[in-house]
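Undergrad: Got a structure for you, upload-v2.txt, holding compact mmCIF, C-alpha atoms and all ligand atoms.
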```
# COMPACT_ATOMS: atom_id res chain seq x y z
CA MET P 1 -20.02 -36.01 -21.79
CA ILE P 2 -18.18 -36.30 -18.48
CA ILE P 3 -14.53 -37.30 -18.93
CA LYS P 4 -11.61 -38.01 -16.61
CA ASP P 5 -8.73 -38.21 -19.07
CA ILE P 6 -6.40 -35.17 -18.96
CA ALA P 7 -4.82 -36.04 -22.34
CA LEU P 8 -8.26 -35.99 -23.95
CA ALA P 9 -9.02 -32.71 -22.18
CA LYS P 10 -5.83 -31.24 -23.62
CA LEU P 11 -6.77 -32.39 -27.13
CA ILE P 12 -10.25 -30.84 -26.88
CA LEU P 13 -8.80 -27.47 -25.85
CA THR P 14 -5.93 -27.54 -28.33
CA GLN P 15 -8.41 -28.06 -31.15
CA GLY P 16 -10.24 -24.87 -30.16
CA ASN P 17 -13.20 -26.49 -28.41
CA LEU P 18 -14.80 -25.64 -25.08
CA LEU P 19 -14.25 -27.80 -22.01
CA ALA P 20 -15.71 -27.44 -18.53
CA ILE P 21 -12.95 -27.73 -15.94
CA PRO P 22 -12.97 -28.30 -12.19
CA THR P 23 -11.44 -25.70 -9.89
CA GLU P 24 -11.47 -25.40 -6.11
CA THR P 25 -14.05 -22.58 -6.34
CA VAL P 26 -16.61 -23.52 -9.01
CA TYR P 27 -16.46 -25.29 -12.39
CA GLY P 28 -15.24 -23.11 -15.27
CA LEU P 29 -16.15 -23.12 -18.94
CA ALA P 30 -12.70 -23.05 -20.50
CA ALA P 31 -11.18 -22.26 -23.87
CA ASN P 32 -7.77 -21.30 -25.25
CA ALA P 33 -7.42 -17.65 -24.21
CA PHE P 34 -5.36 -16.90 -27.34
CA ASP P 35 -8.02 -18.28 -29.71
CA ALA P 36 -10.53 -15.51 -30.40
CA SER P 37 -13.10 -17.77 -32.04
CA ALA P 38 -13.05 -20.21 -29.11
CA ILE P 39 -13.54 -17.22 -26.78
CA ALA P 40 -16.46 -15.99 -28.86
CA ASN P 41 -17.99 -19.42 -28.36
CA ILE P 42 -17.83 -19.08 -24.57
CA TYR P 43 -19.99 -15.95 -24.77
CA LEU P 44 -22.40 -17.70 -27.12
CA VAL P 45 -22.78 -20.89 -25.06
CA LYS P 46 -23.24 -19.03 -21.76
CA ASN P 47 -25.44 -16.37 -23.31
CA ARG P 48 -23.05 -13.94 -21.63
CA PRO P 49 -23.22 -10.20 -22.34
CA GLN P 50 -20.27 -9.20 -24.55
CA PHE P 51 -19.26 -6.45 -22.13
CA ASN P 52 -18.44 -8.90 -19.35
CA PRO P 53 -14.73 -9.86 -19.37
CA LEU P 54 -13.28 -13.29 -18.58
CA ILE P 55 -10.66 -14.47 -16.08
CA ILE P 56 -7.62 -16.22 -17.54
CA HIS P 57 -6.10 -19.18 -15.74
CA SER P 58 -2.67 -20.75 -15.75
CA ASN P 59 -0.55 -22.85 -13.42
CA SER P 60 2.23 -20.43 -12.43
CA LEU P 61 3.06 -16.75 -12.04
CA GLU P 62 6.11 -17.14 -14.27
CA ARG P 63 3.91 -18.09 -17.18
CA PHE P 64 1.76 -14.99 -16.72
CA PHE P 65 4.98 -12.92 -16.64
CA ASN P 66 6.01 -14.50 -19.92
CA TRP P 67 2.70 -13.42 -21.45
CA GLY P 68 3.53 -9.84 -20.45
CA LEU P 69 1.38 -9.66 -17.30
CA GLN P 70 3.04 -8.13 -14.26
CA LEU P 71 1.99 -8.09 -10.62
CA PRO P 72 2.93 -5.13 -8.38
CA GLU P 73 4.72 -5.82 -5.09
CA SER P 74 1.60 -6.01 -2.89
CA ALA P 75 -0.04 -8.43 -5.33
CA LEU P 76 3.07 -10.61 -5.26
CA ALA P 77 2.80 -10.93 -1.49
CA LEU P 78 -0.80 -12.10 -1.87
CA ALA P 79 0.07 -14.43 -4.71
CA HIS P 80 2.80 -16.03 -2.65
CA ALA P 81 0.43 -16.46 0.27
CA PHE P 82 -2.67 -17.65 -1.58
CA SER P 83 -1.94 -18.78 -5.16
CA PRO P 84 -2.80 -21.37 -6.28
CA GLY P 85 -6.09 -20.49 -4.60
CA PRO P 86 -9.38 -18.57 -4.69
CA ILE P 87 -7.92 -15.15 -5.53
CA THR P 88 -7.96 -13.27 -8.86
CA PHE P 89 -5.75 -10.30 -9.75
CA VAL P 90 -6.84 -7.58 -12.17
CA VAL P 91 -3.74 -6.09 -13.81
CA PRO P 92 -2.92 -4.07 -16.95
CA LYS P 93 -3.50 -6.15 -20.07
CA SER P 94 -0.69 -7.12 -22.47
CA ASP P 95 -0.91 -7.44 -26.25
CA ALA P 96 -0.80 -11.24 -25.99
CA ILE P 97 -4.37 -11.21 -24.60
CA PRO P 98 -7.14 -10.82 -27.20
CA ASP P 99 -9.58 -7.93 -26.69
CA LEU P 100 -12.45 -10.39 -26.67
CA VAL P 101 -11.16 -11.91 -23.39
CA THR P 102 -11.17 -8.54 -21.64
CA ALA P 103 -14.31 -7.24 -23.38
CA GLY P 104 -12.26 -4.37 -24.73
CA GLN P 105 -10.93 -3.25 -21.33
CA ASN P 106 -7.23 -2.47 -20.92
CA THR P 107 -7.03 -4.71 -17.85
CA VAL P 108 -7.13 -8.48 -17.49
CA ALA P 109 -8.06 -10.78 -14.61
CA ILE P 110 -5.62 -13.61 -13.85
CA ARG P 111 -5.88 -16.59 -11.51
CA ILE P 112 -4.07 -19.79 -10.58
CA PRO P 113 -6.77 -22.26 -9.55
CA ASN P 114 -5.98 -24.79 -6.85
CA HIS P 115 -7.15 -28.10 -8.24
CA PRO P 116 -4.68 -30.92 -8.94
CA ILE P 117 -6.29 -32.09 -12.18
CA THR P 118 -6.65 -28.61 -13.62
CA LEU P 119 -3.13 -27.60 -12.54
CA GLU P 120 -1.81 -30.64 -14.40
CA LEU P 121 -3.91 -29.76 -17.45
CA LEU P 122 -2.79 -26.10 -17.39
CA GLY P 123 0.82 -27.20 -17.08
CA SER P 124 0.50 -29.29 -20.24
CA LEU P 125 -0.86 -26.40 -22.34
CA ASP P 126 1.16 -23.65 -24.01
CA PHE P 127 -1.68 -21.16 -23.62
CA PRO P 128 -3.77 -19.90 -20.67
CA LEU P 129 -7.44 -20.81 -20.33
CA ALA P 130 -10.13 -18.16 -20.30
CA ALA P 131 -12.88 -19.52 -18.06
CA PRO P 132 -16.01 -17.96 -16.63
CA SER P 133 -18.12 -20.06 -14.30
CA ALA P 134 -19.72 -22.94 -16.24
CA ASN P 135 -23.35 -21.84 -15.96
CA LEU P 136 -25.76 -19.96 -18.19
CA SER P 137 -25.32 -16.25 -17.57
CA GLY P 138 -27.31 -15.16 -14.52
CA SER P 139 -27.79 -18.58 -12.93
CA VAL P 140 -26.11 -20.40 -10.06
CA SER P 141 -22.47 -21.48 -10.52
CA PRO P 142 -21.89 -25.26 -10.71
CA THR P 143 -19.94 -27.01 -7.98
CA CYS P 144 -19.82 -30.53 -9.46
CA ALA P 145 -19.58 -32.06 -12.96
CA GLU P 146 -23.22 -33.18 -12.87
CA ASP P 147 -24.43 -29.60 -12.30
CA VAL P 148 -22.54 -28.53 -15.43
CA GLU P 149 -23.94 -31.46 -17.38
CA ALA P 150 -27.50 -30.59 -16.34
CA GLN P 151 -27.23 -27.00 -17.56
CA LEU P 152 -24.71 -27.00 -20.42
CA GLY P 153 -24.34 -30.69 -21.32
CA ASN P 154 -25.96 -30.32 -24.72
CA ARG P 155 -24.01 -27.17 -25.60
CA ILE P 156 -20.40 -28.19 -24.91
CA GLY P 157 -18.08 -31.01 -25.93
CA ALA P 158 -17.05 -32.31 -22.54
CA ILE P 159 -16.76 -31.79 -18.82
CA LEU P 160 -13.56 -32.79 -17.03
CA ASP P 161 -14.62 -34.37 -13.75
CA GLY P 162 -12.72 -33.26 -10.68
CA GLY P 163 -15.29 -34.07 -8.03
CA ARG P 164 -17.06 -31.58 -5.82
CA CYS P 165 -15.51 -28.09 -5.51
CA ARG P 166 -13.82 -27.66 -2.15
CA VAL P 167 -14.39 -23.89 -1.71
CA GLY P 168 -17.76 -23.56 -3.43
CA LEU P 169 -17.72 -19.76 -3.95
CA GLU P 170 -16.04 -17.97 -6.86
CA SER P 171 -12.65 -16.39 -6.29
CA THR P 172 -12.16 -13.07 -4.51
CA ILE P 173 -11.23 -10.43 -7.11
CA LEU P 174 -8.79 -7.60 -6.41
CA SER P 175 -7.74 -4.86 -8.80
CA PHE P 176 -4.13 -3.70 -8.77
CA VAL P 177 -4.47 -1.32 -11.65
CA ASP P 178 -3.77 1.82 -9.59
CA ASN P 179 -1.11 -0.09 -7.62
CA LYS P 180 -3.30 0.16 -4.57
CA PRO P 181 -5.38 -3.03 -4.09
CA LYS P 182 -9.12 -2.59 -4.49
CA LEU P 183 -11.66 -5.30 -3.77
CA LEU P 184 -13.94 -5.90 -6.77
CA ARG P 185 -15.73 -9.12 -5.75
CA LEU P 186 -16.17 -10.88 -2.43
CA GLY P 187 -15.34 -14.55 -2.80
CA GLY P 188 -13.78 -17.72 -1.48
CA LEU P 189 -10.84 -15.96 0.20
CA SER P 190 -11.97 -13.79 3.12
CA ILE P 191 -11.12 -10.10 3.51
CA GLU P 192 -9.66 -10.92 6.92
CA LYS P 193 -7.07 -13.27 5.42
CA ILE P 194 -6.13 -10.78 2.72
CA GLU P 195 -5.73 -7.93 5.21
CA GLN P 196 -3.47 -10.09 7.40
CA VAL P 197 -1.01 -10.30 4.52
CA LEU P 198 -1.37 -6.73 3.23
CA LYS P 199 -1.29 -5.31 6.76
CA ILE P 200 -3.65 -2.54 5.63
CA LYS P 201 -7.43 -2.16 5.43
CA LEU P 202 -8.70 -3.13 1.99
CA ASP P 203 -10.37 -0.50 -0.17
CA THR P 204 -13.88 -1.89 -0.59
CA THR P 205 -15.51 1.20 -2.12
CA ALA P 206 -15.73 -0.48 -5.53
CA LEU P 207 -18.09 -3.04 -3.96
CA ILE P 208 -20.67 -0.62 -2.63
CA ASN P 209 -22.52 -0.11 -5.89
CA ASN P 210 -23.18 -3.56 -7.27
CA GLU P 211 -23.82 -2.19 -10.74
CA ASN P 212 -20.17 -1.20 -10.48
CA PRO P 213 -18.68 -1.03 -13.97
CA GLN P 214 -15.28 -2.16 -12.66
CA ALA P 215 -16.49 -5.74 -12.27
CA PRO P 216 -19.09 -5.78 -15.02
CA GLY P 217 -20.25 -9.27 -14.15
CA MET P 218 -21.49 -8.29 -10.72
CA MET P 219 -24.97 -7.31 -11.84
CA SER P 220 -27.40 -7.05 -8.99
CA ARG P 221 -29.63 -9.97 -9.97
CA HIS P 222 -27.48 -13.01 -10.56
CA TYR P 223 -27.46 -16.56 -9.23
CA ALA P 224 -31.24 -16.45 -9.59
CA PRO P 225 -33.18 -19.67 -8.94
CA LYS P 226 -36.53 -20.17 -10.71
CA THR P 227 -38.35 -20.21 -7.40
CA PRO P 228 -38.54 -16.72 -5.85
CA LEU P 229 -36.03 -16.47 -3.00
CA TYR P 230 -36.53 -14.09 -0.06
CA LEU P 231 -34.20 -13.05 2.73
CA ASP P 232 -36.76 -11.83 5.24
CA ALA P 233 -38.82 -13.81 7.76
CA ALA P 234 -41.01 -16.69 6.54
CA GLU P 235 -43.80 -15.14 8.63
CA ASN P 236 -43.92 -12.21 6.19
CA HIS P 237 -44.94 -14.54 3.37
CA LEU P 238 -47.87 -16.46 4.82
CA GLN P 239 -50.22 -14.65 2.39
CA GLU P 240 -48.41 -16.20 -0.58
CA ALA P 241 -47.55 -19.65 0.80
CA ASN P 242 -48.08 -21.77 3.87
CA TYR P 243 -45.14 -23.40 5.66
CA ASN P 244 -45.55 -26.58 3.57
CA GLU P 245 -45.02 -24.56 0.44
CA MET P 246 -41.73 -22.99 1.52
CA ALA P 247 -38.19 -24.26 1.22
CA PHE P 248 -35.64 -22.97 3.73
CA ILE P 249 -31.89 -22.43 3.55
CA GLY P 250 -30.44 -21.76 7.00
CA PHE P 251 -26.94 -21.39 8.44
CA LYS P 252 -26.87 -23.53 11.60
CA VAL P 253 -30.38 -24.34 12.78
CA LYS P 254 -33.69 -25.31 11.23
CA HIS P 255 -36.67 -23.00 11.01
CA PRO P 256 -39.19 -23.96 13.72
CA ASN P 257 -42.25 -23.96 11.46
CA ILE P 258 -41.19 -24.94 7.94
CA VAL P 259 -41.49 -28.66 7.19
CA GLY P 260 -38.21 -30.41 8.08
CA SER P 261 -37.71 -32.12 4.72
CA ASN P 262 -37.95 -28.73 2.95
CA GLN P 263 -34.98 -27.41 4.87
CA ILE P 264 -31.27 -27.28 4.05
CA ILE P 265 -28.79 -26.33 6.76
CA LEU P 266 -25.47 -25.07 5.41
CA SER P 267 -23.35 -26.00 8.42
CA GLU P 268 -24.74 -27.36 11.66
CA LYS P 269 -21.46 -26.61 13.41
CA GLY P 270 -21.53 -23.02 12.12
CA ASP P 271 -18.42 -23.39 9.98
CA TYR P 272 -18.19 -20.67 7.30
CA ALA P 273 -16.04 -22.72 4.91
CA GLU P 274 -18.49 -25.62 5.06
CA ALA P 275 -21.42 -23.26 4.52
CA ALA P 276 -19.67 -21.72 1.49
CA GLN P 277 -19.02 -25.15 0.02
CA GLN P 278 -22.69 -26.09 0.36
CA LEU P 279 -24.27 -22.80 -0.75
CA PHE P 280 -24.78 -23.19 -4.50
CA ALA P 281 -25.83 -26.83 -4.22
CA ALA P 282 -28.31 -25.75 -1.53
CA ILE P 283 -29.82 -23.08 -3.81
CA ARG P 284 -30.14 -25.64 -6.62
CA MET P 285 -31.66 -28.20 -4.30
CA ALA P 286 -34.14 -25.76 -2.77
CA ASP P 287 -35.12 -24.70 -6.30
CA SER P 288 -35.65 -28.32 -7.36
CA MET P 289 -38.10 -28.90 -4.50
CA GLY P 290 -40.68 -27.05 -6.59
CA LYS P 291 -42.04 -25.02 -3.66
CA LYS P 292 -43.79 -21.65 -4.02
CA LEU P 293 -40.89 -19.78 -2.49
CA ILE P 294 -37.52 -20.14 -0.82
CA ILE P 295 -36.65 -18.40 2.44
CA ALA P 296 -32.92 -17.99 3.06
CA GLU P 297 -31.20 -16.73 6.14
CA LEU P 298 -28.27 -14.28 5.99
CA LEU P 299 -25.11 -15.24 7.88
CA PRO P 300 -23.17 -13.07 10.34
CA ALA P 301 -21.34 -10.37 8.35
CA GLU P 302 -17.79 -11.62 8.87
CA ASN P 303 -15.34 -14.03 7.29
CA LEU P 304 -16.90 -15.97 4.36
CA GLY P 305 -20.32 -14.93 5.69
CA LEU P 306 -19.81 -11.69 3.74
CA ALA P 307 -19.35 -13.45 0.40
CA ILE P 308 -22.17 -15.92 1.12
CA ASN P 309 -24.51 -13.02 1.92
CA ASP P 310 -23.42 -11.26 -1.27
CA ARG P 311 -24.48 -14.29 -3.34
CA LEU P 312 -27.74 -14.71 -1.41
CA LYS P 313 -28.63 -11.04 -1.96
CA ARG P 314 -28.04 -11.43 -5.68
CA ALA P 315 -30.17 -14.57 -5.75
CA ALA P 316 -33.04 -12.85 -3.92
CA VAL P 317 -36.10 -11.13 -5.30
CA LYS P 318 -35.66 -7.37 -5.06
O1 LIG P 401 -13.57 -18.67 -9.07
C1 LIG P 401 -13.69 -18.07 -10.13
O2 LIG P 401 -13.28 -16.91 -10.27
C2 LIG P 401 -14.36 -18.80 -11.29
C3 LIG P 401 -13.47 -19.99 -11.69
C4 LIG P 401 -13.98 -20.72 -12.89
O3 LIG P 401 -12.16 -19.54 -11.88
N1 LIG P 401 -14.58 -17.94 -12.40
C5 LIG P 401 -15.55 -16.98 -12.39
O4 LIG P 401 -15.67 -16.31 -13.61
O5 LIG P 401 -16.24 -16.74 -11.44
P1 LIG P 401 -16.93 -15.40 -13.96
O6 LIG P 401 -16.72 -15.02 -15.38
O7 LIG P 401 -18.16 -16.10 -13.64
O8 LIG P 401 -16.72 -14.13 -13.08
C6 LIG P 401 -15.62 -13.30 -13.36
C7 LIG P 401 -15.86 -11.91 -12.84
C8 LIG P 401 -16.93 -11.17 -13.58
O9 LIG P 401 -17.71 -10.47 -12.63
C9 LIG P 401 -16.15 -10.20 -14.45
O10 LIG P 401 -16.86 -9.02 -14.71
C10 LIG P 401 -14.94 -9.94 -13.60
O11 LIG P 401 -14.64 -11.19 -13.04
N2 LIG P 401 -13.77 -9.54 -14.41
C11 LIG P 401 -13.13 -10.25 -15.35
N3 LIG P 401 -12.16 -9.53 -15.92
C12 LIG P 401 -12.17 -8.32 -15.32
C13 LIG P 401 -11.41 -7.13 -15.46
N4 LIG P 401 -10.45 -7.02 -16.35
N5 LIG P 401 -11.73 -6.09 -14.64
C14 LIG P 401 -12.71 -6.20 -13.73
N6 LIG P 401 -13.47 -7.28 -13.55
C15 LIG P 401 -13.21 -8.34 -14.33
MG MG P 402 -20.06 -16.41 -13.04
```
Would you write the structure of this file as structure tokens?
Ligand code: TXA
Ligand code: MG

TA:
Amino acid sequence: MIIKDIALAKLILTQGNLLAIPTETVYGLAANAFDASAIANIYLVKNRPQFNPLIIHSNSLERFFNWGLQLPESALALAHAFSPGPITFVVPKSDAIPDLVTAGQNTVAIRIPNHPITLELLGSLDFPLAAPSANLSGSVSPTCAEDVEAQLGNRIGAILDGGRCRVGLESTILSFVDNKPKLLRLGGLSIEKIEQVLKIKLDTTALINNENPQAPGMMSRHYAPKTPLYLDAAENHLQEANYNEMAFIGFKVKHPNIVGSNQIILSEKGDYAEAAQQLFAAIRMADSMGKKLIIAELLPAENLGLAINDRLKRAAVK
């Protein structure tokens, strides 16, 4: 059921039920972070591996402080620059946070999402919300209420409608556990913007191995559509499918040979933010065309192109 009423949303969560919530990045599947049985339900509904911890969300830094979660100096500078926004901080866990939320780790991921409806909802609650992306584990994150409804509608009570997500990629995750910031996941806030504030080069070594245990959710095959998706040239696949049988996801310009109506261009003007916003909807749409395969083009490796390419590589057949 898609709802718009924040008071009803509050009631659903207060009673220990799950609610899909809008954020600026992607929709989340939320529950009271202090309610272990509600948290267990998130794992069940998403079919999420128990070892994969959840991000907790609230509407202000002060509230996280009150729950015993501290940010080091460099994280504070980033929080002041970008929160609310598409950035998540991994910090030492406090006793207030159930082990189920952090999958037994002694760290917890915290985020202030930048969406007016969800900020109002969070402000009305006396607990934070644990919320992974509102998709079945391993599939594409939803960027509108209807996408959540299509995948999880029969498994959850309600979806709070906040329109289409403005950023379209999950948050950028940084660990501050050793005081020195470490990038764990590329996301909706670019490395360039983060480095401008930190005035140092970010440590990205934790990203290199995508089986990296420090961000257990970053398994190599994720975001997988049903139709096989490839990142190399369409010409390499003419044995398996002709141009009519291919869907194409491109950055700025159409593929010269693939049928026009099978093609989705992320941003004709070459705007990274627009491309990011369109990406997951494009993967869903290409998948729904029912073609034999999907060819997707990687973007230049800069700005949000890095995070977009990360998601495309995880969606692709290895
Ligand atoms: O934009 C977002 O971050 C969205 C919206 C709903 O806020 N949420 C999201 O959650 O993408 P999820 O669960 O799909 O991805 C969270 C990632 C996972 O890869 C998980 O392993 C990692 O964050 N994570 C969570 N807690 C962690 C921790 N304590 N240490 C390291 N990684 C953590
Ligand atoms: Mg996810």

Undergrad: Output the neighbourhood of ligand MG 402 (chain P) as a PyMOL selection string, that is, all protein and nucleic acid residues with some atom at most 8 Å from the ligand, counting all atoms listed in the file.

TA: chain P and resi 132-135+137-138+140-141+170+217

Undergrad: In Å, rounded to a single decimal, give me how far CA of Ala276 (chain P) is from CA of Gly168 (chain P).

TA: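 Interatomic distance, CA of Gly168 (chain P) to CA of Ala276 (chain P): 5.6 Å.
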
Undergrad: How big is the axis-aligned box around the listed atoms of region 130-147 of chain P once 4 Å is added on each side, and where is its centre? Give both in Å to one decimal, as lines of an AutoDock Vina configuration file.

TA:
```
center_x = -19.0
center_y = -24.2
center_z = -14.1
size_x = 25.7
size_y = 26.0
size_z = 20.3
```

Undergrad: For ligand LIG 401 (chain P), which residue among P:Gly123, P:Gly162, P:Pro86, P:Pro225 is the nearest when counting all atoms listed in the file?

TA: P:Pro86

Undergrad: Can you work out the spacing between CA of Ser261 (chain P) and CA of Leu229 (chain P) in Å, to one decimal?

TA: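 Separation between CA of Ser261 (chain P) and CA of Leu229 (chain P): 17.5 Å.
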
Undergrad: Between P:Ile173, P:Val148, P:Ala307, P:Leu238, which one has atoms that come closest to Ala281 (chain P), using only C-alpha atoms?

TA: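 Nearest candidate to Ala281 (chain P) out of P:Ile173, P:Val148, P:Ala307, P:Leu238: P:Val148.
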
Undergrad: Taking into account all atoms listed in the file, which residue in the set P:Thr23, P:Asn257, P:Ser124, P:Asn41 is nearest to ligand LIG 401 (chain P)?

TA: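 Of the candidates, the smallest distance to ligand LIG 401 (chain P) is held by P:Thr23.
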
Undergrad: Could you tell me which of P:Gly163, P:Gly85, P:Pro142, P:Gly68 comes closest to Ile3 (chain P) if we count all atoms listed in the file?

TA: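 When distances to Ile3 (chain P) are compared using all atoms listed in the file, the smallest one comes from P:Gly163.
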
Undergrad: Which distance in Å separates CA of Gln277 (chain P) and CA of Arg164 (chain P), to one decimal?

TA: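 Pair CA of Gln277 (chain P) / CA of Arg164 (chain P) returns 8.9 Å.
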
Undergrad: Which neighbours of Gly16 (chain P) fall inside 10 Å, counting only C-alpha atoms, when residues of the same chain fewer than 4 positions from it are skipped, and could you give them as a VMD selection string?

TA: chain P and resid 11 to 12 31 to 39 41

Undergrad: Go through P:Ile42, P:Ala247, P:Ile6, P:Leu54 and flag the residue nearest ligand LIG 401 (chain P), using all atoms listed in the file for the distances.

TA: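 The closest residue to ligand LIG 401 (chain P) is P:Leu54.
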
Undergrad: Closest to Val197 (chain P) among P:Phe82, P:Tyr43, P:Phe65, P:Tyr27, using only C-alpha atoms?

TA: P:Phe82

Undergrad: Just give me the residues with any atom within 12 Å of (-12.1, -30.1, -13.6), file coordinates, counting only C-alpha atoms, written as a ChimeraX atom specification.

TA: /P:2-6,9-10,19-30,113-122,131,133-134,142-146,148,158-166

Undergrad: Store the residues picked out above in a file with C-alpha atoms, as a CSV table (one decimal), in the frame of the given file.

TA:
```
chain,number,residue,atom,x,y,z
P,2,ILE,CA,-18.2,-36.3,-18.5
P,3,ILE,CA,-14.5,-37.3,-18.9
P,4,LYS,CA,-11.6,-38.0,-16.6
P,5,ASP,CA,-8.7,-38.2,-19.1
P,6,ILE,CA,-6.4,-35.2,-19.0
P,9,ALA,CA,-9.0,-32.7,-22.2
P,10,LYS,CA,-5.8,-31.2,-23.6
P,19,LEU,CA,-14.2,-27.8,-22.0
P,20,ALA,CA,-15.7,-27.4,-18.5
P,21,ILE,CA,-13.0,-27.7,-15.9
P,22,PRO,CA,-13.0,-28.3,-12.2
P,23,THR,CA,-11.4,-25.7,-9.9
P,24,GLU,CA,-11.5,-25.4,-6.1
P,25,THR,CA,-14.0,-22.6,-6.3
P,26,VAL,CA,-16.6,-23.5,-9.0
P,27,TYR,CA,-16.5,-25.3,-12.4
P,28,GLY,CA,-15.2,-23.1,-15.3
P,29,LEU,CA,-16.2,-23.1,-18.9
P,30,ALA,CA,-12.7,-23.0,-20.5
P,113,PRO,CA,-6.8,-22.3,-9.6
P,114,ASN,CA,-6.0,-24.8,-6.8
P,115,HIS,CA,-7.2,-28.1,-8.2
P,116,PRO,CA,-4.7,-30.9,-8.9
P,117,ILE,CA,-6.3,-32.1,-12.2
P,118,THR,CA,-6.6,-28.6,-13.6
P,119,LEU,CA,-3.1,-27.6,-12.5
P,120,GLU,CA,-1.8,-30.6,-14.4
P,121,LEU,CA,-3.9,-29.8,-17.4
P,122,LEU,CA,-2.8,-26.1,-17.4
P,131,ALA,CA,-12.9,-19.5,-18.1
P,133,SER,CA,-18.1,-20.1,-14.3
P,134,ALA,CA,-19.7,-22.9,-16.2
P,142,PRO,CA,-21.9,-25.3,-10.7
P,143,THR,CA,-19.9,-27.0,-8.0
P,144,CYS,CA,-19.8,-30.5,-9.5
P,145,ALA,CA,-19.6,-32.1,-13.0
P,146,GLU,CA,-23.2,-33.2,-12.9
P,148,VAL,CA,-22.5,-28.5,-15.4
P,158,ALA,CA,-17.0,-32.3,-22.5
P,159,ILE,CA,-16.8,-31.8,-18.8
P,160,LEU,CA,-13.6,-32.8,-17.0
P,161,ASP,CA,-14.6,-34.4,-13.8
P,162,GLY,CA,-12.7,-33.3,-10.7
P,163,GLY,CA,-15.3,-34.1,-8.0
P,164,ARG,CA,-17.1,-31.6,-5.8
P,165,CYS,CA,-15.5,-28.1,-5.5
P,166,ARG,CA,-13.8,-27.7,-2.2
```

Undergrad: Can you pull out every residue within 10 Å of Ile194 (chain P), counting all atoms listed in the file, but drop anything in the same chain fewer than 4 positions away, and send it as JSON, numbers by chain?

TA: {"P": [77, 78, 81, 82, 87, 172, 189, 190, 198, 199, 200, 201, 202]}

Undergrad: Counting only C-alpha atoms, what is within 9 Å of Ala40 (chain P), bar same-chain residues fewer than 6 positions away, as a ChimeraX atom specification?

TA: /P:50,100-101

Undergrad: If you count all atoms listed in the file, which residues fall within 8 Å of Leu299 (chain P), apart from same-chain ones fewer than 4 positions away, as a ChimeraX atom specification?

TA: /P:251,305-306,308-309

Undergrad: Find the residues with any atom within 7 Å of (-32.5, -22.9, 4.0); use all atoms listed in the file and the coordinates as given in the file, and write the answer as a ChimeraX atom specification.

TA: /P:247-250,263-265,295-297
